[in-house]
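A.B. asks: Got a structure for you, written out below as structure tokens; questions coming shortly.
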Amino acid sequence: MSSTQLQARVDELRALLTRYNREYYELDAPSVPDAEYDRLFRELKQLETDYPEFKSAHSPTQKVGSAPLAEFSQVTHEVPMLSLDNAFDESEFAAFAERVKERLDTNAEVIYCCEPKLDGLAVSLLYEDGKLVRGATRGDGQTGEDITQNVRTIRNLPLQLTGNYPARVEVRGEVFMPVKAFNTYNEKALARGDKVFANPRNAAAGSLRQLDSRITAQRPLHFYAYSMGVVSDDLELADSHYQRLQQLASWGLPISAEVKQVEGSVGCSAYYADILKRRESLRYEIDGVVLKVDNIRQQQDLGFVSRAPRWAIAWKFPAQEEMTVLNGVDFQV
Ligand code: NAD
């Protein structure tokens with residue numbers, strides 16, 4: 001390809017991905033399957049790696065999510081809410097695990113915390129003196145949407161923490177619609193002649209980002225915590241991510257029962273295979289597993305790149321479905 005042709009392809013990919021980001025993150029109405037989005041994203045990333053002259057801070061490969069909608073009040077995240085890098089097969093995961101060892105300059109097996117990759121919407125919950133005072137979406141990573149009234153309607157999300165919690169803590173996690181609740185919701189919507197949701201991820205995002213919290217309250221949403229943002233220093237936190245999840249649980253926050261601590265890449269591969277095998281029997285939809293270096297000091301040593309931490313990776317499952325088109329059914333977005 002000539003330089004002009006390369007530039008044209010880079011421009012085309014950036015324009016497409018910008019449009020798909022808007023449809024997915026702002027409008028909760030994707031027009032292409034995730035697998036197609038991922039293919040285009042990887043093609044652009046590869047071109048930017050092979051031809052650094054095309055690199056740009058404005059490229060979709062450098063960005064997280066999308067800007068918050070103007071209809072919502074805005075929340076500035078004190079610690080940015082980032083995305084995750086992806087591995088799509090064993091060799092890509094192995095390369096990640098190797099890089100981790102090299103960067104940590106260690107031959108010892110690294111301990112990982114393994115978690116299911118819940119397919120919903122990332123939220124930030126701020127608790128002050130144990131009380132839920134604010135809920136926000138990730139938005140573009142720096143600024144999110146204030147959805148406090150909406151998160152307050154999620155039934156398994158505590159409005160008051162219990163036990164020995166810090167004075168101020170920002171809890172991060174995923175809001176999702178369990179598969180059974182999603183199917184029941186769609187069956188009822190069909191019977192009423194209402195619009196149905198395309199998948200549980202859209203259902204969760206569309207339900208949570210409502211301007212009227214009474215609508216959110218009618219939707220069967222659940223929450224699992226998976227990390228912390230800012231935390232006041234009046235309480236000592238564990239130096240292991242896995243133990244921090246247990247601390248969150250001890251304050252009354254729900255966490256996934258599938259969270260596991262393992263040793264090295266072999267442990268991670270076994271976890272991936274096990275969850276993949278049991279994927280259909282889980283109560284919620286997942287699109288892979290997230291593998292995080294467990295030791296917090298090692299996480300700090302590894303640090304971040306522009307849009308993702310270097311100490312974690314989402315190892316995605318093979319694309320399960322392309323976009324389904326159901327004849328005669330009007331999808332809700
Ligand atoms: P991501 O979904 O690949 O990973 C980051 C997100 O994972 C976090 O924000 C969090 O919400 C979630 N997550 C779930 N479980 C987690 C756990 N245990 N620990 C930490 N995080 C966890 O990244 P993204 O930036 O949110 O989205 C990118 C993906 O979205 C793409 O790979 C693509 O599949 C999809 N997408 C699709 C379209 C489309 O048009 N179809 C458009 C944009 C994005």
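Simple scheme: letters A, B, ... for chains in structure tokens order, numbers from 1 for residues in each chain, numbers from 1 for ligands in the order shown.
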Would you mind listing the residues within 7 Å of ligand 1, counting only C-alpha atoms and all ligand atoms, as a PyMOL selection string?
C.D. replies: chain A and resi 20-21+23-25+30-35+37-38+64-65+82-86+115-122+173-174+226+290+314
A.B. asks: Export, as a CSV table (one decimal), in the first residue's frame, the selected residues with N, CA and C atoms.
C.D. replies:
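Full text of again-v5.csv as output:
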chain,number,residue,atom,x,y,z
A,20,TYR,N,-19.1,4.0,15.6
A,20,TYR,CA,-19.5,2.8,16.4
A,20,TYR,C,-19.4,3.1,17.9
A,21,ASN,N,-18.4,3.9,18.3
A,21,ASN,CA,-18.3,4.2,19.7
A,21,ASN,C,-19.5,5.0,20.1
A,23,GLU,N,-22.5,5.1,18.8
A,23,GLU,CA,-23.7,4.3,18.8
A,23,GLU,C,-23.7,3.4,20.0
A,24,TYR,N,-22.5,2.9,20.4
A,24,TYR,CA,-22.5,1.9,21.5
A,24,TYR,C,-22.5,2.6,22.9
A,25,TYR,N,-21.7,3.6,23.0
A,25,TYR,CA,-21.5,4.2,24.4
A,25,TYR,C,-22.5,5.3,24.6
A,30,PRO,N,-25.7,-0.3,19.3
A,30,PRO,CA,-24.7,-0.7,18.3
A,30,PRO,C,-25.3,-1.1,17.0
A,31,SER,N,-24.6,-0.8,15.9
A,31,SER,CA,-25.1,-1.3,14.6
A,31,SER,C,-24.3,-2.4,14.0
A,32,VAL,N,-23.2,-2.7,14.7
A,32,VAL,CA,-22.3,-3.9,14.2
A,32,VAL,C,-22.0,-4.8,15.5
A,33,PRO,N,-21.8,-6.1,15.2
A,33,PRO,CA,-21.4,-6.9,16.3
A,33,PRO,C,-20.1,-6.5,16.9
A,34,ASP,N,-19.9,-6.9,18.2
A,34,ASP,CA,-18.6,-6.6,18.9
A,34,ASP,C,-17.4,-7.2,18.1
A,35,ALA,N,-17.6,-8.4,17.6
A,35,ALA,CA,-16.5,-9.0,16.9
A,35,ALA,C,-16.0,-8.2,15.7
A,37,TYR,N,-16.4,-4.9,15.5
A,37,TYR,CA,-15.7,-3.7,16.0
A,37,TYR,C,-14.3,-4.0,16.4
A,38,ASP,N,-14.1,-5.2,17.1
A,38,ASP,CA,-12.8,-5.6,17.6
A,38,ASP,C,-11.8,-5.8,16.4
A,64,VAL,N,-11.0,6.1,25.8
A,64,VAL,CA,-11.8,5.2,26.6
A,64,VAL,C,-13.3,5.7,26.3
A,65,GLY,N,-14.1,4.7,26.0
A,65,GLY,CA,-15.6,5.0,25.9
A,65,GLY,C,-15.9,6.2,25.1
A,82,LEU,N,-10.4,3.5,33.4
A,82,LEU,CA,-9.8,3.1,32.1
A,82,LEU,C,-10.5,1.9,31.5
A,83,SER,N,-10.0,1.5,30.4
A,83,SER,CA,-10.5,0.3,29.7
A,83,SER,C,-9.5,-0.9,30.0
A,84,LEU,N,-9.6,-1.9,29.2
A,84,LEU,CA,-8.6,-3.0,29.4
A,84,LEU,C,-8.1,-3.4,28.0
A,85,ASP,N,-6.8,-3.8,28.0
A,85,ASP,CA,-6.3,-4.4,26.7
A,85,ASP,C,-6.9,-5.8,26.6
A,86,ASN,N,-7.0,-6.2,25.4
A,86,ASN,CA,-7.6,-7.5,25.1
A,86,ASN,C,-6.6,-8.6,24.6
A,115,GLU,N,-11.0,-13.1,37.2
A,115,GLU,CA,-12.4,-12.7,37.4
A,115,GLU,C,-13.2,-12.9,36.1
A,116,PRO,N,-14.5,-13.2,36.2
A,116,PRO,CA,-15.3,-13.2,34.9
A,116,PRO,C,-15.4,-11.8,34.4
A,117,LYS,N,-15.4,-11.7,33.0
A,117,LYS,CA,-15.6,-10.4,32.4
A,117,LYS,C,-17.0,-10.1,32.2
A,118,LEU,N,-17.6,-9.5,33.2
A,118,LEU,CA,-19.1,-9.3,33.1
A,118,LEU,C,-19.5,-8.3,32.0
A,119,ASP,N,-20.5,-8.7,31.3
A,119,ASP,CA,-20.9,-7.9,30.1
A,119,ASP,C,-22.0,-7.0,30.4
A,120,GLY,N,-21.6,-5.8,31.0
A,120,GLY,CA,-22.6,-4.8,31.4
A,120,GLY,C,-22.0,-3.5,31.2
A,121,LEU,N,-22.1,-2.7,32.2
A,121,LEU,CA,-21.7,-1.3,32.2
A,121,LEU,C,-20.9,-0.9,33.4
A,122,ALA,N,-19.7,-0.3,33.2
A,122,ALA,CA,-18.9,0.1,34.4
A,122,ALA,C,-19.5,1.2,35.1
A,173,GLY,N,-17.4,-1.2,39.7
A,173,GLY,CA,-17.9,-2.5,39.4
A,173,GLY,C,-18.8,-2.4,38.1
A,174,GLU,N,-19.5,-3.5,37.9
A,174,GLU,CA,-20.3,-3.7,36.7
A,174,GLU,C,-21.8,-3.8,37.0
A,226,TYR,N,-15.7,-4.8,41.5
A,226,TYR,CA,-14.4,-5.4,41.1
A,226,TYR,C,-13.2,-4.6,41.4
A,290,VAL,N,-11.1,-11.6,33.1
A,290,VAL,CA,-10.1,-10.6,33.3
A,290,VAL,C,-9.0,-11.1,34.3
A,314,ALA,N,-8.0,-8.4,29.4
A,314,ALA,CA,-9.2,-9.1,29.2
A,314,ALA,C,-9.0,-10.2,28.2
A.B. asks: Write out as a tab-separated table (two decimals) with C-alpha atoms, in the first residue's frame all residues of region 201-281 of chain A that backbone DSSP assigns to strand (DSSP E).
C.D. replies:
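result_12.tsv written:
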chain	number	residue	atom	x	y	z
A	222	HIS	CA	-27.61	-6.37	39.44
A	223	PHE	CA	-24.22	-5.13	40.53
A	224	TYR	CA	-20.85	-6.79	41.25
A	225	ALA	CA	-17.90	-4.81	42.61
A	226	TYR	CA	-14.45	-5.45	41.11
A	227	SER	CA	-12.14	-2.65	42.30
A	228	MET	CA	-11.68	0.59	44.25
A	229	GLY	CA	-10.92	4.11	43.08
A	230	VAL	CA	-10.07	6.74	45.70
A	231	VAL	CA	-10.00	5.52	49.31
A	260	LYS	CA	-10.04	-16.82	42.12
A	261	GLN	CA	-6.36	-16.37	42.95
A	262	VAL	CA	-4.01	-18.45	40.76
A	263	GLU	CA	-0.30	-18.88	40.12
A.B. asks: Where in region 179-238 of chain A does DSSP assign alpha helix (DSSP H), given as a ChimeraX atom specification?
C.D. replies: /A:179-192,200-208,213-217
A.B. asks: Could you save the residues just selected, with N, CA and C atoms, as a PDB file, in the first residue's frame?
C.D. replies:
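Saved as selection.pdb:
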ATOM      1  N   VAL A 179     -29.154 -13.176  32.873  1.00  0.00           N
ATOM      2  CA  VAL A 179     -29.735 -13.710  31.638  1.00  0.00           C
ATOM      3  C   VAL A 179     -31.218 -14.063  31.797  1.00  0.00           C
ATOM      4  N   LYS A 180     -31.552 -14.711  32.929  1.00  0.00           N
ATOM      5  CA  LYS A 180     -32.940 -15.140  33.120  1.00  0.00           C
ATOM      6  C   LYS A 180     -33.871 -13.922  33.187  1.00  0.00           C
ATOM      7  N   ALA A 181     -33.437 -12.916  33.939  1.00  0.00           N
ATOM      8  CA  ALA A 181     -34.242 -11.695  34.064  1.00  0.00           C
ATOM      9  C   ALA A 181     -34.378 -10.998  32.709  1.00  0.00           C
ATOM     10  N   PHE A 182     -33.311 -11.039  31.934  1.00  0.00           N
ATOM     11  CA  PHE A 182     -33.318 -10.438  30.595  1.00  0.00           C
ATOM     12  C   PHE A 182     -34.346 -11.146  29.704  1.00  0.00           C
ATOM     13  N   ASN A 183     -34.329 -12.498  29.741  1.00  0.00           N
ATOM     14  CA  ASN A 183     -35.278 -13.247  28.904  1.00  0.00           C
ATOM     15  C   ASN A 183     -36.719 -12.980  29.328  1.00  0.00           C
ATOM     16  N   THR A 184     -36.949 -12.981  30.651  1.00  0.00           N
ATOM     17  CA  THR A 184     -38.306 -12.727  31.149  1.00  0.00           C
ATOM     18  C   THR A 184     -38.761 -11.326  30.750  1.00  0.00           C
ATOM     19  N   TYR A 185     -37.836 -10.361  30.906  1.00  0.00           N
ATOM     20  CA  TYR A 185     -38.183  -8.977  30.551  1.00  0.00           C
ATOM     21  C   TYR A 185     -38.592  -8.903  29.077  1.00  0.00           C
ATOM     22  N   ASN A 186     -37.805  -9.534  28.211  1.00  0.00           N
ATOM     23  CA  ASN A 186     -38.096  -9.473  26.773  1.00  0.00           C
ATOM     24  C   ASN A 186     -39.401 -10.188  26.421  1.00  0.00           C
ATOM     25  N   GLU A 187     -39.656 -11.346  27.079  1.00  0.00           N
ATOM     26  CA  GLU A 187     -40.910 -12.074  26.801  1.00  0.00           C
ATOM     27  C   GLU A 187     -42.114 -11.203  27.134  1.00  0.00           C
ATOM     28  N   LYS A 188     -42.025 -10.535  28.300  1.00  0.00           N
ATOM     29  CA  LYS A 188     -43.150  -9.685  28.717  1.00  0.00           C
ATOM     30  C   LYS A 188     -43.301  -8.491  27.775  1.00  0.00           C
ATOM     31  N   ALA A 189     -42.156  -7.934  27.374  1.00  0.00           N
ATOM     32  CA  ALA A 189     -42.197  -6.775  26.473  1.00  0.00           C
ATOM     33  C   ALA A 189     -42.832  -7.181  25.134  1.00  0.00           C
ATOM     34  N   LEU A 190     -42.469  -8.379  24.657  1.00  0.00           N
ATOM     35  CA  LEU A 190     -43.038  -8.880  23.394  1.00  0.00           C
ATOM     36  C   LEU A 190     -44.549  -9.037  23.511  1.00  0.00           C
ATOM     37  N   ALA A 191     -44.974  -9.627  24.649  1.00  0.00           N
ATOM     38  CA  ALA A 191     -46.406  -9.859  24.867  1.00  0.00           C
ATOM     39  C   ALA A 191     -47.178  -8.542  24.890  1.00  0.00           C
ATOM     40  N   ARG A 192     -46.554  -7.497  25.423  1.00  0.00           N
ATOM     41  CA  ARG A 192     -47.207  -6.171  25.487  1.00  0.00           C
ATOM     42  C   ARG A 192     -47.116  -5.436  24.154  1.00  0.00           C
ATOM     43  N   PRO A 200     -28.249  -8.682  26.855  1.00  0.00           N
ATOM     44  CA  PRO A 200     -28.239  -8.194  28.250  1.00  0.00           C
ATOM     45  C   PRO A 200     -27.357  -6.955  28.452  1.00  0.00           C
ATOM     46  N   ARG A 201     -26.294  -6.806  27.670  1.00  0.00           N
ATOM     47  CA  ARG A 201     -25.428  -5.630  27.842  1.00  0.00           C
ATOM     48  C   ARG A 201     -26.188  -4.348  27.482  1.00  0.00           C
ATOM     49  N   ASN A 202     -26.890  -4.391  26.334  1.00  0.00           N
ATOM     50  CA  ASN A 202     -27.687  -3.228  25.944  1.00  0.00           C
ATOM     51  C   ASN A 202     -28.803  -2.974  26.934  1.00  0.00           C
ATOM     52  N   ALA A 203     -29.370  -4.071  27.458  1.00  0.00           N
ATOM     53  CA  ALA A 203     -30.458  -3.935  28.422  1.00  0.00           C
ATOM     54  C   ALA A 203     -29.965  -3.204  29.666  1.00  0.00           C
ATOM     55  N   ALA A 204     -28.775  -3.586  30.136  1.00  0.00           N
ATOM     56  CA  ALA A 204     -28.233  -2.952  31.347  1.00  0.00           C
ATOM     57  C   ALA A 204     -27.916  -1.483  31.073  1.00  0.00           C
ATOM     58  N   ALA A 205     -27.243  -1.215  29.947  1.00  0.00           N
ATOM     59  CA  ALA A 205     -26.837   0.163  29.649  1.00  0.00           C
ATOM     60  C   ALA A 205     -28.061   1.040  29.416  1.00  0.00           C
ATOM     61  N   GLY A 206     -29.014   0.523  28.629  1.00  0.00           N
ATOM     62  CA  GLY A 206     -30.212   1.309  28.328  1.00  0.00           C
ATOM     63  C   GLY A 206     -31.052   1.555  29.574  1.00  0.00           C
ATOM     64  N   SER A 207     -31.061   0.595  30.496  1.00  0.00           N
ATOM     65  CA  SER A 207     -31.874   0.743  31.711  1.00  0.00           C
ATOM     66  C   SER A 207     -31.222   1.703  32.704  1.00  0.00           C
ATOM     67  N   LEU A 208     -29.919   1.681  32.751  1.00  0.00           N
ATOM     68  CA  LEU A 208     -29.227   2.494  33.756  1.00  0.00           C
ATOM     69  C   LEU A 208     -29.139   3.962  33.338  1.00  0.00           C
ATOM     70  N   SER A 213     -35.583   7.824  36.931  1.00  0.00           N
ATOM     71  CA  SER A 213     -35.123   6.653  37.701  1.00  0.00           C
ATOM     72  C   SER A 213     -36.260   5.671  37.988  1.00  0.00           C
ATOM     73  N   ARG A 214     -37.529   6.101  37.797  1.00  0.00           N
ATOM     74  CA  ARG A 214     -38.631   5.144  38.000  1.00  0.00           C
ATOM     75  C   ARG A 214     -38.592   4.048  36.943  1.00  0.00           C
ATOM     76  N   ILE A 215     -38.082   4.380  35.756  1.00  0.00           N
ATOM     77  CA  ILE A 215     -37.955   3.354  34.702  1.00  0.00           C
ATOM     78  C   ILE A 215     -36.845   2.384  35.085  1.00  0.00           C
ATOM     79  N   THR A 216     -35.712   2.928  35.546  1.00  0.00           N
ATOM     80  CA  THR A 216     -34.603   2.059  35.976  1.00  0.00           C
ATOM     81  C   THR A 216     -35.077   1.107  37.076  1.00  0.00           C
ATOM     82  N   ALA A 217     -35.884   1.631  37.994  1.00  0.00           N
ATOM     83  CA  ALA A 217     -36.336   0.831  39.141  1.00  0.00           C
ATOM     84  C   ALA A 217     -37.120  -0.405  38.698  1.00  0.00           C
TER      85      ALA A 217
END
A.B. asks: State, in Å with one decimal place, the distance from CA of Val289 (chain A) to CA of Ala249 (chain A).
C.D. replies: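 Atom-to-atom, CA of Val289 (chain A) to CA of Ala249 (chain A), that is 20.1 Å.
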A.B. asks: List as CSV every residue of region 70-132 of chain A that is in contact with region 266-272 of chain A, defined as an atom at most 12 Å from one of its atoms (using only C-alpha atoms), together with the nearest atom pair and the distance in Å rounded to one decimal, sorted by chain and then rising number.
C.D. replies:
residue,atom,partner,partner_atom,distance
A:Ala87,CA,A:Tyr272,CA,11.7
A:Phe88,CA,A:Tyr272,CA,11.7
A:Asp89,CA,A:Ser269,CA,10.3
A:Glu90,CA,A:Ser269,CA,7.7
A:Ser91,CA,A:Ser269,CA,10.7
A:Glu92,CA,A:Ser269,CA,11.7
A:Phe93,CA,A:Ser269,CA,8.7
A:Ala94,CA,A:Ser269,CA,9.1
A:Phe96,CA,A:Cys268,CA,11.7
A:Ala97,CA,A:Cys268,CA,9.6
A:Glu98,CA,A:Val266,CA,11.9
A:Glu109,CA,A:Val266,CA,9.5
A:Val110,CA,A:Gly267,CA,10.0
A:Ile111,CA,A:Gly267,CA,8.8
A:Tyr112,CA,A:Cys268,CA,7.3
A:Cys113,CA,A:Cys268,CA,8.6
A:Cys114,CA,A:Cys268,CA,7.0
A:Glu115,CA,A:Tyr271,CA,8.9
A:Pro116,CA,A:Tyr272,CA,8.9
A:Lys117,CA,A:Tyr272,CA,10.7
A.B. asks: What's the 12 Å shell around Glu71 (chain A), counting only C-alpha atoms, without same-chain residues fewer than 5 positions away, as a PyMOL selection string?
C.D. replies: chain A and resi 26+144-147+209-212
A.B. asks: Which residues, written as a list in words, have at least one atom at most 9 Å from Phe41 (chain A), with only C-alpha atoms counted and residues fewer than 4 positions away on the same chain left out?
C.D. replies: Leu13, Arg14, Leu17, Glu36, Tyr37, Lys45, Gln46, Pro60 and Thr61 of chain A
A.B. asks: Keeping N, CA and C atoms, export the residues of the selection given above as a PDB file, in the first residue's frame.
C.D. replies:
ATOM      1  N   LEU A  13     -10.826   3.863   9.042  1.00  0.00           N
ATOM      2  CA  LEU A  13     -11.013   3.091  10.283  1.00  0.00           C
ATOM      3  C   LEU A  13     -11.353   4.015  11.449  1.00  0.00           C
ATOM      4  N   ARG A  14     -10.684   5.155  11.530  1.00  0.00           N
ATOM      5  CA  ARG A  14     -10.959   6.091  12.632  1.00  0.00           C
ATOM      6  C   ARG A  14     -12.391   6.615  12.561  1.00  0.00           C
ATOM      7  N   LEU A  17     -14.772   3.677  13.575  1.00  0.00           N
ATOM      8  CA  LEU A  17     -14.733   3.377  15.016  1.00  0.00           C
ATOM      9  C   LEU A  17     -15.344   4.517  15.829  1.00  0.00           C
ATOM     10  N   GLU A  36     -16.936  -7.557  14.992  1.00  0.00           N
ATOM     11  CA  GLU A  36     -16.587  -6.709  13.853  1.00  0.00           C
ATOM     12  C   GLU A  36     -15.853  -5.456  14.359  1.00  0.00           C
ATOM     13  N   TYR A  37     -16.365  -4.861  15.454  1.00  0.00           N
ATOM     14  CA  TYR A  37     -15.714  -3.687  16.043  1.00  0.00           C
ATOM     15  C   TYR A  37     -14.278  -4.045  16.442  1.00  0.00           C
ATOM     16  N   LYS A  45      -4.993  -0.482  15.246  1.00  0.00           N
ATOM     17  CA  LYS A  45      -3.883  -0.521  16.209  1.00  0.00           C
ATOM     18  C   LYS A  45      -2.612  -1.049  15.544  1.00  0.00           C
ATOM     19  N   GLN A  46      -2.787  -2.088  14.722  1.00  0.00           N
ATOM     20  CA  GLN A  46      -1.633  -2.671  14.027  1.00  0.00           C
ATOM     21  C   GLN A  46      -1.001  -1.658  13.077  1.00  0.00           C
ATOM     22  N   PRO A  60      -9.140   6.681  18.017  1.00  0.00           N
ATOM     23  CA  PRO A  60      -9.994   5.862  18.904  1.00  0.00           C
ATOM     24  C   PRO A  60      -9.190   4.832  19.687  1.00  0.00           C
ATOM     25  N   THR A  61      -7.990   4.457  19.202  1.00  0.00           N
ATOM     26  CA  THR A  61      -7.186   3.464  19.932  1.00  0.00           C
ATOM     27  C   THR A  61      -6.612   4.045  21.227  1.00  0.00           C
TER      28      THR A  61
END
A.B. asks: Point out the residue among A:Leu6, A:Ala108, A:Ala67, A:Leu253 with the least atom-to-atom distance to Leu159 (chain A), counting only C-alpha atoms.
C.D. replies: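 Nearest to Leu159 (chain A): A:Leu253.
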A.B. asks: For Phe197 (chain A), which residue among A:Arg219, A:Arg99, A:Arg134, A:Arg22 is the nearest when counting only C-alpha atoms?
C.D. replies: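 Selected residue with least distance to Phe197 (chain A): A:Arg219.
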A.B. asks: In Å to one decimal, how far is CA of Gly163 (chain A) from CA of Gln247 (chain A)?
C.D. replies: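 Between CA of Gln247 (chain A) and CA of Gly163 (chain A) the gap is 9.6 Å.
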A.B. asks: Have a look at CA of His241 (chain A) and CA of Asp294 (chain A) and let me know their distance in Å, one decimal.
C.D. replies: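 Rounded to one decimal, the two atoms are 5.0 Å apart.
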A.B. asks: Neighbouring residues of Gly252 (chain A) were defined as those with any atom within 10 Å, considering only C-alpha atoms; residues of the same chain fewer than 5 positions away were excluded. Please report them as a PDB file with N, CA and C atoms, in the first residue's frame.
C.D. replies:
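Output file result_23.pdb follows:
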ATOM      1  N   ASN A 156     -29.498  -5.245  44.734  1.00  0.00           N
ATOM      2  CA  ASN A 156     -28.420  -5.873  45.512  1.00  0.00           C
ATOM      3  C   ASN A 156     -27.260  -4.905  45.780  1.00  0.00           C
ATOM      4  N   LEU A 157     -27.497  -3.616  45.571  1.00  0.00           N
ATOM      5  CA  LEU A 157     -26.431  -2.626  45.784  1.00  0.00           C
ATOM      6  C   LEU A 157     -26.703  -1.905  47.111  1.00  0.00           C
ATOM      7  N   PRO A 158     -25.784  -2.023  48.086  1.00  0.00           N
ATOM      8  CA  PRO A 158     -26.080  -1.448  49.408  1.00  0.00           C
ATOM      9  C   PRO A 158     -26.069   0.087  49.407  1.00  0.00           C
ATOM     10  N   LEU A 159     -27.058   0.671  50.050  1.00  0.00           N
ATOM     11  CA  LEU A 159     -27.092   2.135  50.204  1.00  0.00           C
ATOM     12  C   LEU A 159     -26.257   2.525  51.422  1.00  0.00           C
ATOM     13  N   GLN A 160     -26.037   1.552  52.313  1.00  0.00           N
ATOM     14  CA  GLN A 160     -25.257   1.769  53.544  1.00  0.00           C
ATOM     15  C   GLN A 160     -24.264   0.615  53.686  1.00  0.00           C
ATOM     16  N   LEU A 161     -22.977   0.938  53.853  1.00  0.00           N
ATOM     17  CA  LEU A 161     -21.983  -0.120  54.051  1.00  0.00           C
ATOM     18  C   LEU A 161     -22.074  -0.652  55.466  1.00  0.00           C
ATOM     19  N   THR A 162     -21.499  -1.834  55.670  1.00  0.00           N
ATOM     20  CA  THR A 162     -21.496  -2.440  57.001  1.00  0.00           C
ATOM     21  C   THR A 162     -20.044  -2.722  57.400  1.00  0.00           C
ATOM     22  N   GLY A 163     -19.839  -3.097  58.664  1.00  0.00           N
ATOM     23  CA  GLY A 163     -18.501  -3.514  59.115  1.00  0.00           C
ATOM     24  C   GLY A 163     -17.547  -2.345  59.243  1.00  0.00           C
ATOM     25  N   TYR A 165     -15.536  -0.059  57.476  1.00  0.00           N
ATOM     26  CA  TYR A 165     -15.272   0.530  56.159  1.00  0.00           C
ATOM     27  C   TYR A 165     -14.540   1.863  56.309  1.00  0.00           C
ATOM     28  N   GLN A 246     -12.191  -9.145  48.922  1.00  0.00           N
ATOM     29  CA  GLN A 246     -12.797  -9.707  50.134  1.00  0.00           C
ATOM     30  C   GLN A 246     -13.156  -8.576  51.105  1.00  0.00           C
ATOM     31  N   GLN A 247     -12.320  -7.521  51.155  1.00  0.00           N
ATOM     32  CA  GLN A 247     -12.640  -6.370  52.009  1.00  0.00           C
ATOM     33  C   GLN A 247     -13.939  -5.713  51.541  1.00  0.00           C
TER      34      GLN A 247
END
A.B. asks: Would you mind listing what lies within 9 Å of Gln74 (chain A) as a VMD selection string, with only C-alpha atoms counted and same-chain residues fewer than 2 positions away left out?
C.D. replies: chain A and resid 68 to 70 72 76 136 143 to 146
A.B. asks: Go ahead and save the picked residues with N, CA and C atoms, as an mmCIF file, in the first residue's frame.
C.D. replies:
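Printed below is result_4.cif as written:
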data_model
loop_
_atom_site.group_PDB
_atom_site.id
_atom_site.type_symbol
_atom_site.label_atom_id
_atom_site.label_comp_id
_atom_site.auth_asym_id
_atom_site.auth_seq_id
_atom_site.Cartn_x
_atom_site.Cartn_y
_atom_site.Cartn_z
ATOM 1 N N PRO A 68 -19.757 11.967 28.034
ATOM 2 C CA PRO A 68 -21.063 11.824 28.679
ATOM 3 C C PRO A 68 -22.151 12.583 27.913
ATOM 4 N N LEU A 69 -23.378 12.089 28.003
ATOM 5 C CA LEU A 69 -24.490 12.787 27.345
ATOM 6 C C LEU A 69 -24.806 14.076 28.099
ATOM 7 N N ALA A 70 -25.158 15.120 27.344
ATOM 8 C CA ALA A 70 -25.393 16.442 27.944
ATOM 9 C C ALA A 70 -26.615 16.445 28.869
ATOM 10 N N PHE A 72 -27.292 14.524 31.235
ATOM 11 C CA PHE A 72 -26.933 14.164 32.607
ATOM 12 C C PHE A 72 -25.971 15.197 33.185
ATOM 13 N N THR A 76 -16.604 14.356 37.543
ATOM 14 C CA THR A 76 -15.188 14.197 37.187
ATOM 15 C C THR A 76 -14.595 13.089 38.054
ATOM 16 N N ALA A 136 -21.887 7.065 39.177
ATOM 17 C CA ALA A 136 -21.532 7.676 37.894
ATOM 18 C C ALA A 136 -21.155 6.606 36.876
ATOM 19 N N THR A 143 -14.557 11.948 32.658
ATOM 20 C CA THR A 143 -15.835 12.527 33.057
ATOM 21 C C THR A 143 -16.962 11.559 32.750
ATOM 22 N N GLY A 144 -17.786 11.295 33.750
ATOM 23 C CA GLY A 144 -18.904 10.379 33.553
ATOM 24 C C GLY A 144 -20.231 11.085 33.791
ATOM 25 N N GLU A 145 -21.310 10.306 33.687
ATOM 26 C CA GLU A 145 -22.656 10.845 33.887
ATOM 27 C C GLU A 145 -23.110 10.557 35.311
ATOM 28 N N ASP A 146 -23.752 11.528 35.933
ATOM 29 C CA ASP A 146 -24.285 11.342 37.284
ATOM 30 C C ASP A 146 -25.571 10.520 37.194
#
